[in-house]
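Visitor: One structure, as structure tokens, below. Some questions next.
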Amino acid sequence: MKILILGATGSIGKQTIDVINKLKYQLCGISFYKNDSGASKIKTPYKFSPINKKMSNVASYDELIIKSKPDIVVNAIVGFAGLEATLTAIKHKKTLCLANKESLVVAGQFVMRLAKLNHVHIYPIDSEHASLYQIIKQNPQDHFQKLYITASGGPFYKLTQQQKSNVTYSVATNHPTWKMGGKISIDSATMVNKCFEIIEAYWYFNTTEIEPLYHPQSFVHAIVKYKNKKIMFASKPDMHLPIHQAITGFKNKLPYVQPLINKYVLEVIDQKKWLPIKWAYDCLDSPKSSLPIIINAANEEAIELFRIKHIKFNEIVLLIGKAIKHFGCKDVKTLNNVYEVDKKVRNYIKKICLI
């Protein structure tokens, strides 16, 4: 089995290489961004970076896929930048294992339509969605009523707004449970990550009956509520398992655990306190609108402003809220619209922050 990893030097990319080695699959190519030293240590015939032509022996994602001839493409690119790679993999009719949640958040209708047209399987790598996928696949005869995904809450779940204003970037990127990259660690702390995962779940499972639950232990990843039972999927917080399951097409059956209420903290999340959860449901009300694009673009720009100490941690969500209010919720009818909205929102955030 030949695997192409896009975003190979990041956290998910590195763990995917671990899984490939254990499965004795072939790593046929990689893409990376600016981690030259990390990319140089990876042995593979084809490498591509959008900004490093010297280390690239192909000129685009398109050429990378054509020459490496993968059976499976793993998209572990961070952020909006991963959308192009997702669309390219689907156009080449490659099975896609998707860790880049932004592809579905900003362009779910187009990604899913193109995948259906090209008969492409998209397997989720997120631990929550992989767990839901596993449960539903192993119970095809049952019709679920509701899907639950868990949120660790990040390191600041119990802090006040005033306390959050003093949070530094280094502290915010130090997740208490998971070992993740910088951006997703910030997203976890602001709950924007859970907003995105709710939107993702809508596109994967075609339902608006999705609810996040606060679960600081990060042991239970998802719960599927059926008419006569609940089934939980639980495992240690380690991404190797969902990566393995996605790459192998979820062919291995895994055990579940029944709810043990006294053992686990599973609490409803207050949407008034955590606006990104409210925004997620607003997106479900208008899944083909510009709203998720606005949230994502404003979030990515705000995180960068926080990184360079131009804004405070608690201002990330405030900036997203300003962008939502400024642009409103409009229909998105083409892929070009997605890119247009993304660009406008980024320029707006930079302008109001005088960057």
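How things are named: the first chain in the structure tokens is A, the next is B, and so on; residues count from 1 in each chain; ligands count from 1 in the order shown.
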Do a neighbour search on Gln245 of chain A at 10 Å with only C-alpha atoms, toss out local chain neighbours closer than 4 positions, and write the hits as a list in words.

Guide: Val19, Cys97, Tyr123, Pro124, Ile125, Ala130, Ser131, Tyr133, Gln134, His240, Leu241, Gly249, Phe250, Lys251, Asn252, Lys253 and Leu254 of chain A

Visitor: Using C-alpha atoms, can you write the selected residues to a file as a PDB file, in the first residue's frame?

Guide:
ATOM      1  CA  VAL A  19       1.698   3.960  11.668  1.00  0.00           C
ATOM      2  CA  CYS A  97      -7.728  10.241   5.002  1.00  0.00           C
ATOM      3  CA  TYR A 123     -12.051   8.701   6.078  1.00  0.00           C
ATOM      4  CA  PRO A 124     -11.819  10.957   9.154  1.00  0.00           C
ATOM      5  CA  ILE A 125      -8.659  11.102  11.228  1.00  0.00           C
ATOM      6  CA  ALA A 130     -13.063   8.432  13.676  1.00  0.00           C
ATOM      7  CA  SER A 131     -14.822   7.111  16.786  1.00  0.00           C
ATOM      8  CA  TYR A 133     -17.385   6.476  12.092  1.00  0.00           C
ATOM      9  CA  GLN A 134     -16.235   3.291  13.821  1.00  0.00           C
ATOM     10  CA  HIS A 240      -2.057   6.524  16.351  1.00  0.00           C
ATOM     11  CA  LEU A 241      -5.320   4.569  16.674  1.00  0.00           C
ATOM     12  CA  GLY A 249     -10.461   1.798   5.980  1.00  0.00           C
ATOM     13  CA  PHE A 250     -11.861   1.071   9.465  1.00  0.00           C
ATOM     14  CA  LYS A 251     -11.751  -2.663   8.704  1.00  0.00           C
ATOM     15  CA  ASN A 252     -10.722  -3.659  12.228  1.00  0.00           C
ATOM     16  CA  LYS A 253     -13.572  -3.952  14.703  1.00  0.00           C
ATOM     17  CA  LEU A 254     -12.860  -2.304  18.041  1.00  0.00           C
TER      18      LEU A 254
END

Visitor: As a PyMOL selection string, please: the residues near segment 221-225 of chain A (cut-off 8 Å, only C-alpha atoms, same-chain neighbours under 4 positions excluded).

Guide: chain A and resi 127-129+131-132+135-136+144-150+229-235

Visitor: Can I get the selection written as a PDB file, in the first residue's frame, with C-alpha atoms?

Guide:
ATOM      1  CA  SER A 127     -10.344  11.133  17.120  1.00  0.00           C
ATOM      2  CA  GLU A 128     -13.987  12.157  17.629  1.00  0.00           C
ATOM      3  CA  HIS A 129     -15.093  11.599  14.054  1.00  0.00           C
ATOM      4  CA  SER A 131     -14.822   7.111  16.786  1.00  0.00           C
ATOM      5  CA  LEU A 132     -18.260   8.031  15.448  1.00  0.00           C
ATOM      6  CA  ILE A 135     -19.403   2.941  15.893  1.00  0.00           C
ATOM      7  CA  ILE A 136     -21.779   3.665  13.026  1.00  0.00           C
ATOM      8  CA  PHE A 144     -28.830   6.742  15.493  1.00  0.00           C
ATOM      9  CA  GLN A 145     -30.744   9.535  17.204  1.00  0.00           C
ATOM     10  CA  LYS A 146     -27.910  11.765  18.323  1.00  0.00           C
ATOM     11  CA  LEU A 147     -24.141  12.064  18.126  1.00  0.00           C
ATOM     12  CA  TYR A 148     -21.989  13.313  20.992  1.00  0.00           C
ATOM     13  CA  ILE A 149     -18.383  14.428  20.675  1.00  0.00           C
ATOM     14  CA  THR A 150     -16.219  15.286  23.651  1.00  0.00           C
ATOM     15  CA  LYS A 229     -29.065   2.150  23.828  1.00  0.00           C
ATOM     16  CA  LYS A 230     -25.959   4.294  24.082  1.00  0.00           C
ATOM     17  CA  ILE A 231     -22.576   3.129  22.873  1.00  0.00           C
ATOM     18  CA  MET A 232     -19.388   4.907  23.856  1.00  0.00           C
ATOM     19  CA  PHE A 233     -16.059   4.734  22.106  1.00  0.00           C
ATOM     20  CA  ALA A 234     -13.157   5.063  24.500  1.00  0.00           C
ATOM     21  CA  SER A 235      -9.394   4.815  24.219  1.00  0.00           C
TER      22      SER A 235
END

Visitor: Skip segment 275-292 of chain A itself and residues of its chain fewer than 4 positions away, then list as a ChimeraX atom specification all residues within 6 Å of it, counting only C-alpha atoms.

Guide: /A:106,192,195,271,329-332

Visitor: Please save N, CA and C atoms of the selected residues as a tab-separated table (two decimals), in the first residue's frame.

Guide:
chain	number	residue	atom	x	y	z
A	106	VAL	N	-14.91	24.95	5.66
A	106	VAL	CA	-15.11	26.08	4.75
A	106	VAL	C	-15.74	25.68	3.42
A	192	VAL	N	-12.83	26.85	19.54
A	192	VAL	CA	-13.05	26.95	18.09
A	192	VAL	C	-12.88	25.57	17.45
A	195	CYS	N	-16.07	23.83	17.64
A	195	CYS	CA	-16.97	24.43	16.64
A	195	CYS	C	-16.75	23.77	15.29
A	271	GLN	N	-23.24	27.45	26.06
A	271	GLN	CA	-23.04	28.18	24.82
A	271	GLN	C	-22.91	29.68	25.02
A	329	CYS	N	-24.12	36.64	7.14
A	329	CYS	CA	-24.23	35.26	6.64
A	329	CYS	C	-24.84	35.27	5.24
A	330	LYS	N	-24.04	34.93	4.24
A	330	LYS	CA	-24.50	34.97	2.86
A	330	LYS	C	-24.31	33.60	2.19
A	331	ASP	N	-25.07	33.37	1.14
A	331	ASP	CA	-24.95	32.10	0.41
A	331	ASP	C	-23.61	32.02	-0.31
A	332	VAL	N	-23.04	30.81	-0.31
A	332	VAL	CA	-21.81	30.55	-1.06
A	332	VAL	C	-22.16	29.54	-2.16

Visitor: As a ChimeraX atom specification, list the residues of segment 58-218 of chain A assigned to strand (DSSP E) by DSSP on the backbone atoms of this structure.

Guide: /A:72-75,95-98,122-124,144-151,210-214

Visitor: Looking at A:Ile311, A:Leu4, A:Ile51, A:Val338, which one is nearest to Val167 of chain A, with distances taken over only C-alpha atoms?

Guide: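 With only C-alpha atoms as the atom set, the closest residue is A:Ile311.
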
Visitor: Give me the residues near segment 56-61 of chain A as a ChimeraX atom specification, where near means some atom within 7 Å (using only C-alpha atoms) and where sequence neighbours in that chain fewer than 3 positions away do not count.

Guide: /A:46-49,52-53,64-65,85,88

Visitor: With C-alpha atoms retained, could you export that selection as a PDB file, in the first residue's frame?

Guide:
ATOM      1  CA  TYR A  46       9.035  12.693  -3.852  1.00  0.00           C
ATOM      2  CA  LYS A  47       8.906  15.895  -1.813  1.00  0.00           C
ATOM      3  CA  PHE A  48       7.012  19.144  -2.329  1.00  0.00           C
ATOM      4  CA  SER A  49       6.934  22.449  -0.472  1.00  0.00           C
ATOM      5  CA  ASN A  52      10.962  25.669  -0.773  1.00  0.00           C
ATOM      6  CA  LYS A  53      11.775  24.968  -4.411  1.00  0.00           C
ATOM      7  CA  LEU A  64       3.207  15.166  -6.514  1.00  0.00           C
ATOM      8  CA  ILE A  65       0.148  12.911  -6.747  1.00  0.00           C
ATOM      9  CA  ALA A  85      -4.683  19.596  -1.412  1.00  0.00           C
ATOM     10  CA  THR A  88      -6.551  17.859  -5.766  1.00  0.00           C
TER      11      THR A  88
END

Visitor: Got a sec to tell me which of segment 27-231 of chain A DSSP assigns to alpha helix (DSSP H), as a PyMOL selection string?

Guide: chain A and resi 36-40+61-68+82-91+102-117+127-138+161-164+169-172+182-190+192-205

Visitor: Could you turn the residues from that selection into a file that holds C-alpha atoms, as a compact mmCIF listing (two decimals), in the first residue's frame?

Guide:
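Output saved as out.txt:
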# COMPACT_ATOMS: atom_id res chain seq x y z
CA ASP A 36 13.13 21.97 6.12
CA SER A 37 15.13 20.07 8.71
CA GLY A 38 12.21 17.78 9.53
CA ALA A 39 11.51 17.11 5.85
CA SER A 40 15.17 16.34 5.12
CA TYR A 61 0.31 18.93 -5.31
CA ASP A 62 -1.00 17.84 -8.67
CA GLU A 63 2.42 16.71 -9.90
CA LEU A 64 3.21 15.17 -6.51
CA ILE A 65 0.15 12.91 -6.75
CA ILE A 66 0.73 12.06 -10.41
CA LYS A 67 4.37 11.03 -9.89
CA SER A 68 4.13 9.34 -6.48
CA GLY A 82 -5.20 22.27 3.17
CA LEU A 83 -8.29 22.84 1.01
CA GLU A 84 -6.37 22.90 -2.27
CA ALA A 85 -4.68 19.60 -1.41
CA THR A 86 -8.01 17.98 -0.50
CA LEU A 87 -9.60 18.99 -3.78
CA THR A 88 -6.55 17.86 -5.77
CA ALA A 89 -6.52 14.42 -4.13
CA ILE A 90 -10.22 13.94 -4.85
CA LYS A 91 -9.86 15.04 -8.46
CA GLU A 102 -10.82 23.17 7.54
CA SER A 103 -11.51 21.53 4.16
CA LEU A 104 -14.96 20.48 5.34
CA VAL A 105 -15.52 23.52 7.54
CA VAL A 106 -15.11 26.08 4.75
CA ALA A 107 -16.07 24.02 1.69
CA GLY A 108 -17.98 20.95 2.88
CA GLN A 109 -20.62 21.14 0.16
CA PHE A 110 -18.00 21.26 -2.61
CA VAL A 111 -15.68 18.64 -1.12
CA MET A 112 -18.48 16.13 -0.58
CA ARG A 113 -20.03 16.78 -3.98
CA LEU A 114 -16.69 16.26 -5.73
CA ALA A 115 -15.96 13.13 -3.68
CA LYS A 116 -19.33 11.64 -4.66
CA LEU A 117 -18.77 12.53 -8.31
CA SER A 127 -10.34 11.13 17.12
CA GLU A 128 -13.99 12.16 17.63
CA HIS A 129 -15.09 11.60 14.05
CA ALA A 130 -13.06 8.43 13.68
CA SER A 131 -14.82 7.11 16.79
CA LEU A 132 -18.26 8.03 15.45
CA TYR A 133 -17.39 6.48 12.09
CA GLN A 134 -16.23 3.29 13.82
CA ILE A 135 -19.40 2.94 15.89
CA ILE A 136 -21.78 3.67 13.03
CA LYS A 137 -19.89 1.33 10.65
CA GLN A 138 -20.08 -1.50 13.18
CA GLN A 161 -12.27 36.29 31.01
CA GLN A 162 -9.92 38.44 33.08
CA GLN A 163 -7.66 35.48 33.78
CA LYS A 164 -7.64 34.54 30.10
CA TYR A 169 1.19 31.87 23.65
CA SER A 170 3.57 29.29 25.13
CA VAL A 171 1.07 28.40 27.86
CA ALA A 172 -1.86 28.30 25.41
CA GLY A 182 0.34 25.04 18.00
CA LYS A 183 -2.76 26.11 16.08
CA ILE A 184 -4.99 23.22 17.11
CA SER A 185 -3.87 23.64 20.73
CA ILE A 186 -5.03 27.27 20.59
CA ASP A 187 -8.27 26.19 18.89
CA SER A 188 -8.85 23.66 21.65
CA ALA A 189 -8.36 26.35 24.31
CA THR A 190 -10.81 28.76 22.66
CA VAL A 192 -13.05 26.95 18.09
CA ASN A 193 -11.76 23.43 17.45
CA LYS A 194 -15.01 21.99 18.79
CA CYS A 195 -16.97 24.43 16.64
CA PHE A 196 -15.15 23.06 13.61
CA GLU A 197 -15.68 19.45 14.70
CA ILE A 198 -19.45 19.97 14.98
CA ILE A 199 -19.46 21.30 11.41
CA GLU A 200 -17.28 18.39 10.28
CA ALA A 201 -19.65 15.90 11.86
CA TYR A 202 -22.53 17.43 9.91
CA TRP A 203 -20.77 16.74 6.60
CA TYR A 204 -19.57 13.26 7.55
CA PHE A 205 -22.83 11.97 9.02

Visitor: Find the distance between atom CA of Ile72 of chain A and atom CA of Tyr33 of chain A and write it in Å to one decimal.

Guide: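 Distance reported for this atom pair: 20.3 Å.
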
Visitor: Quick one: distance from atom CA of Met191 of chain A to atom CA of Gly153 of chain A in Å, one decimal?

Guide: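 It comes out at 7.0 Å.
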
Visitor: Enter the distance from atom CA of Glu301 of chain A to atom CA of Lys34 of chain A, in Å, rounded to one decimal.

Guide: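 Taking atom CA of Glu301 of chain A and atom CA of Lys34 of chain A, their separation equals 18.3 Å.
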
Visitor: Smallest atom-to-atom distance to Gly13 of chain A: which of A:Leu354, A:Ile243, A:Leu266, A:Val317, using only C-alpha atoms?

Guide: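 Checking each candidate against Gly13 of chain A, we get A:Ile243 as the closest.
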